[in-house]
Structures are given as C-alpha cells and as structure tokens.
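These notes concern the structure reproduced below.
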Amino acid sequence: MPDPLYLSLWFPDFSGPAMLPHMFAVLQQFPFSEQRPGITYAAVQPVSWNEASVLERRFSPGITAEEAVVVAADLIHDDYAYVFDAYWDLWTPDQSGRQWLLIPSLVKFIVQGEEFDEGAYQETGHIEIDFGLDSLFVQENIELTVETQAKIRDNLAKLVEFTKKAETNTRATSRRLWSESEESLPQKLIARLQKVQ
C-alpha cells in the first residue's frame, strides 16, 4: 500500500533570518521539472496549521528559488511555517501500465520556525520535504520488466541524488528519509524484488 514519503532536514542555526539561507540552499539543490519549472506556490502559515495562512500566492510560470525566498523574507518569524510547491519529472506508468511517461510530480517544501506548532520541527525537521506517495519509487501494482526496473531505478536515483545534495550542500546536520508506515522505502523495495524472484 502506498505511503507518503518525506525527507526531514535539521540545521544548527535556524532562528529568525538564519532560516533564509537554509531555505534557499535546499531549494537550489532541487531538480525542477523541465515541463513545469520553478516554485509554483508559496504560503506563510502563522503559529500552527490550525491558523489561517497570512499569505498564499500561485505562480505561473514558476519563480526561481531566490524569488521564492524573497516572498517569505518579509514575514520571517520563529513561530511561522513556509510552504513551497515545486515539481520534478518522474517516470510514471500510464493507466495500462505498459507505457511510461516523464510526468511532473508535486513536491512540497515545508520550512518550520523553531516555535511553530509547539516545536514540531523537532519531529519533522526544520525543513520537511513531502515527495508524495512512495508508489512513484516502488510501483507495487506494475509487472516488473526490464523497462519497469529501469524507470523505477531512474526515479530512485533522482531521489537519492537530491537527498545527498540536500544534506551535503546545505549545512544540514541531520536528515531522515521516512514514511508514515512501519515499512521503510528500502524494506518495500526488498519485498518487491523478493516477490519477483
């Protein structure tokens, strides 16, 4: 069963304006979709997820990482969260499962000040990246063929490359790739491959 897949990043200094360079550095590492480039949505959330957003903007065409950070810069507070939507191109099977297309897939970047939602960052990271469902990387309901394995491998390579860049090029002190299920992505991949063999 598909589960949401997340990457959480923690940083040594993340209060007030110190959030901005980290936010920018993570967004810079992201391999934006060629079909739907840039940041397409930005929101600023005060205090907790129960409060109304103080800013929501959609961008078509998408804006650069630098422009997105400028949108948030005027509203930097330790008890705010900042949400950015972007897309990356992942191989996705059509309805029949026979043809694969490179399709823009939504990724959400959630930047949480240290006082936002009673310190939620401690559990989910200063920056939490929501990749959507892990089915894009496992494809449990598709027959494993040479082509299928190649497409899944390409998607996984993109995920691993971004995860490594997000950790090493941003001064993150800790990272965690996780899902809400009890089974991790590597466990799902191993189980998937064992079914085939």
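Here's how to read the names in the structure tokens: chain A, B, ... by the order shown, residue numbers from 1 in each chain, ligand numbers from 1 in the order shown.
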
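Using only C-alpha atoms, the protein and nucleic acid residues lying no more than 6 Å from range 148-165 of chain A, apart from those fewer than 2 places from it along its own chain, are Leu90, Trp91, Phe137, Leu144, Thr145, Val146, Glu167, Thr168 and Asn169 of chain A.
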
I need the residues in range 131-184 of chain A that are alpha helix (DSSP H) according to DSSP; give them as a VMD selection string. chain A and resid 135 to 138 146 to 168

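By only C-alpha atoms, and with residues fewer than 2 positions from Phe24 in chain A along its chain excluded, the set lying at most 8 Å from it is Leu20, Pro21, His22, Val26, Leu27, Gln28, Ala65, Glu66 and Val69 of chain A.
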
From a backbone DSSP assignment, name each residue in range 48-190 of chain A labelled strand (DSSP E or B), as a ChimeraX atom specification. /A:55-63,80-93,100-112,127-133,174-179

Shell around Ser135 in chain A at 12 Å using only C-alpha atoms, local window under 3 positions removed, as a PDB file with N, CA and C atoms, in the first residue's frame:
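Below is the file that was written, part12.pdb:
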```
ATOM      1  N   MET A   1       0.837  -1.186   0.000  1.00  0.00           N
ATOM      2  CA  MET A   1       0.000   0.000   0.000  1.00  0.00           C
ATOM      3  C   MET A   1       0.883   1.251   0.000  1.00  0.00           C
ATOM      4  N   PRO A   2       0.596   2.213  -0.869  1.00  0.00           N
ATOM      5  CA  PRO A   2       1.430   3.419  -0.942  1.00  0.00           C
ATOM      6  C   PRO A   2       1.326   4.276   0.322  1.00  0.00           C
ATOM      7  N   ASP A   3       2.437   4.871   0.678  1.00  0.00           N
ATOM      8  CA  ASP A   3       2.512   5.770   1.834  1.00  0.00           C
ATOM      9  C   ASP A   3       3.217   7.055   1.427  1.00  0.00           C
ATOM     10  N   PRO A   4       2.888   8.179   2.080  1.00  0.00           N
ATOM     11  CA  PRO A   4       3.623   9.415   1.813  1.00  0.00           C
ATOM     12  C   PRO A   4       5.096   9.245   2.193  1.00  0.00           C
ATOM     13  N   LEU A   5       5.967   9.844   1.407  1.00  0.00           N
ATOM     14  CA  LEU A   5       7.412   9.752   1.622  1.00  0.00           C
ATOM     15  C   LEU A   5       7.956  11.151   1.910  1.00  0.00           C
ATOM     16  N   LEU A  90       9.259  12.667 -12.980  1.00  0.00           N
ATOM     17  CA  LEU A  90       9.458  11.264 -12.628  1.00  0.00           C
ATOM     18  C   LEU A  90       8.761  10.374 -13.641  1.00  0.00           C
ATOM     19  N   TRP A  91       9.334   9.205 -13.850  1.00  0.00           N
ATOM     20  CA  TRP A  91       8.717   8.229 -14.747  1.00  0.00           C
ATOM     21  C   TRP A  91       7.460   7.676 -14.089  1.00  0.00           C
ATOM     22  N   THR A  92       6.363   7.725 -14.835  1.00  0.00           N
ATOM     23  CA  THR A  92       5.063   7.297 -14.323  1.00  0.00           C
ATOM     24  C   THR A  92       4.388   6.435 -15.393  1.00  0.00           C
ATOM     25  N   PRO A  93       3.850   5.277 -14.987  1.00  0.00           N
ATOM     26  CA  PRO A  93       3.176   4.443 -15.979  1.00  0.00           C
ATOM     27  C   PRO A  93       1.805   5.015 -16.333  1.00  0.00           C
ATOM     28  N   SER A 105       5.798  15.776 -11.122  1.00  0.00           N
ATOM     29  CA  SER A 105       5.235  15.257  -9.875  1.00  0.00           C
ATOM     30  C   SER A 105       5.439  16.287  -8.766  1.00  0.00           C
ATOM     31  N   PHE A 131       7.456  14.244  -0.695  1.00  0.00           N
ATOM     32  CA  PHE A 131       7.601  13.767  -2.074  1.00  0.00           C
ATOM     33  C   PHE A 131       6.315  13.173  -2.640  1.00  0.00           C
ATOM     34  N   GLY A 132       5.263  13.127  -1.856  1.00  0.00           N
ATOM     35  CA  GLY A 132       4.043  12.457  -2.304  1.00  0.00           C
ATOM     36  C   GLY A 132       4.133  10.976  -1.971  1.00  0.00           C
ATOM     37  N   VAL A 138       8.292   2.660  -5.998  1.00  0.00           N
ATOM     38  CA  VAL A 138       8.155   1.217  -5.779  1.00  0.00           C
ATOM     39  C   VAL A 138       7.331   0.551  -6.879  1.00  0.00           C
ATOM     40  N   GLN A 139       6.250   1.181  -7.280  1.00  0.00           N
ATOM     41  CA  GLN A 139       5.362   0.659  -8.335  1.00  0.00           C
ATOM     42  C   GLN A 139       4.927  -0.777  -8.048  1.00  0.00           C
ATOM     43  N   GLU A 140       4.273  -0.973  -6.913  1.00  0.00           N
ATOM     44  CA  GLU A 140       3.873  -2.310  -6.466  1.00  0.00           C
ATOM     45  C   GLU A 140       2.864  -2.999  -7.387  1.00  0.00           C
ATOM     46  N   ASN A 141       2.045  -2.246  -8.098  1.00  0.00           N
ATOM     47  CA  ASN A 141       0.985  -2.850  -8.908  1.00  0.00           C
ATOM     48  C   ASN A 141       1.341  -3.005 -10.380  1.00  0.00           C
ATOM     49  N   ILE A 142       2.590  -2.791 -10.715  1.00  0.00           N
ATOM     50  CA  ILE A 142       3.044  -2.890 -12.100  1.00  0.00           C
ATOM     51  C   ILE A 142       3.967  -4.106 -12.222  1.00  0.00           C
ATOM     52  N   ILE A 152      11.974   2.683 -12.557  1.00  0.00           N
ATOM     53  CA  ILE A 152      11.995   2.781 -11.089  1.00  0.00           C
ATOM     54  C   ILE A 152      13.399   3.173 -10.626  1.00  0.00           C
ATOM     55  N   ASN A 155      13.910   6.867 -11.176  1.00  0.00           N
ATOM     56  CA  ASN A 155      13.215   7.654 -10.154  1.00  0.00           C
ATOM     57  C   ASN A 155      13.963   7.603  -8.823  1.00  0.00           C
ATOM     58  N   LEU A 156      14.394   6.401  -8.433  1.00  0.00           N
ATOM     59  CA  LEU A 156      15.141   6.244  -7.179  1.00  0.00           C
ATOM     60  C   LEU A 156      16.461   7.001  -7.214  1.00  0.00           C
ATOM     61  N   SER A 179       8.600   7.458   6.053  1.00  0.00           N
ATOM     62  CA  SER A 179       7.195   7.430   5.648  1.00  0.00           C
ATOM     63  C   SER A 179       6.356   7.170   6.891  1.00  0.00           C
ATOM     64  N   LEU A 185      11.094   2.676   2.903  1.00  0.00           N
ATOM     65  CA  LEU A 185      11.215   2.540   1.451  1.00  0.00           C
ATOM     66  C   LEU A 185      12.161   1.399   1.076  1.00  0.00           C
ATOM     67  N   LYS A 188      10.341  -1.872   1.517  1.00  0.00           N
ATOM     68  CA  LYS A 188       9.348  -2.087   0.455  1.00  0.00           C
ATOM     69  C   LYS A 188      10.014  -2.538  -0.843  1.00  0.00           C
ATOM     70  N   LEU A 189      11.156  -1.930  -1.168  1.00  0.00           N
ATOM     71  CA  LEU A 189      11.865  -2.308  -2.384  1.00  0.00           C
ATOM     72  C   LEU A 189      12.369  -3.747  -2.309  1.00  0.00           C
ATOM     73  N   ARG A 192       9.471  -6.077  -2.670  1.00  0.00           N
ATOM     74  CA  ARG A 192       9.039  -6.054  -4.072  1.00  0.00           C
ATOM     75  C   ARG A 192       9.911  -6.957  -4.930  1.00  0.00           C
TER      76      ARG A 192
END
```

Which residues of range 88-109 of chain A sit at most 12 Å from range 35-47 of chain A, using only C-alpha atoms? Give each one's shortest atom pair and distance in Å (one decimal place), in chain and ascending residue order, as a tab-separated table.
```
residue	atom	partner	partner_atom	distance
A:Trp88	CA	A:Arg36	CA	7.8
A:Asp89	CA	A:Gln35	CA	7.7
A:Leu90	CA	A:Gln35	CA	11.1
A:Leu102	CA	A:Gln35	CA	9.2
A:Ile103	CA	A:Gln35	CA	8.1
A:Pro104	CA	A:Arg36	CA	6.6
A:Ser105	CA	A:Arg36	CA	9.3
A:Leu106	CA	A:Thr40	CA	9.8
A:Val107	CA	A:Ile39	CA	9.9
A:Lys108	CA	A:Tyr41	CA	9.3
A:Phe109	CA	A:Ala42	CA	9.5
```

Only C-alpha atoms, please: the residues just picked out, written as a PDB file, in the first residue's frame.
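Now in part07.pdb:
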```pdb
ATOM      1  CA  TRP A  88      10.171  17.303 -10.643  1.00  0.00           C
ATOM      2  CA  ASP A  89       9.919  14.934 -13.576  1.00  0.00           C
ATOM      3  CA  LEU A  90       9.458  11.264 -12.628  1.00  0.00           C
ATOM      4  CA  LEU A 102       8.113  11.548 -17.758  1.00  0.00           C
ATOM      5  CA  ILE A 103       5.462  13.466 -15.790  1.00  0.00           C
ATOM      6  CA  PRO A 104       5.814  16.470 -13.430  1.00  0.00           C
ATOM      7  CA  SER A 105       5.235  15.257  -9.875  1.00  0.00           C
ATOM      8  CA  LEU A 106       4.406  17.606  -6.976  1.00  0.00           C
ATOM      9  CA  VAL A 107       6.880  18.079  -4.120  1.00  0.00           C
ATOM     10  CA  LYS A 108       6.110  20.247  -1.076  1.00  0.00           C
ATOM     11  CA  PHE A 109       8.820  22.027   0.915  1.00  0.00           C
TER      12      PHE A 109
END
```

So the first atom is CA of Val70 in chain A and the second is CA of Met23 in chain A; what is the distance between them in Å, to one decimal place?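 Going from CA of Val70 in chain A over to CA of Met23 in chain A covers 10.6 Å.
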
Given only C-alpha atoms as the counted atoms, nearest of A:Leu7, A:Val54, A:Leu133, A:Ala86 to Ala72 in chain A: A:Val54

Taken to one decimal, the CA of Ala52 in chain A-CA of Asp117 in chain A distance is 13.1 Å

Report, in Å to a single decimal, how far apart CA of Gly125 in chain A and CA of Phe84 in chain A are. 15.3 Å

Using only C-alpha atoms, find the one residue out of A:Glu147, A:Asp134, A:Asp85, A:Asp94 that sits nearest to Glu183 in chain A. A:Asp134

Could you check the closest approach to Ala166 in chain A for each of A:Ala18, A:Ile127, A:Leu75, A:Ala81 and tell me which residue wins, using only C-alpha atoms?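 That would be A:Ile127, the residue with the smallest distance to Ala166 in chain A.
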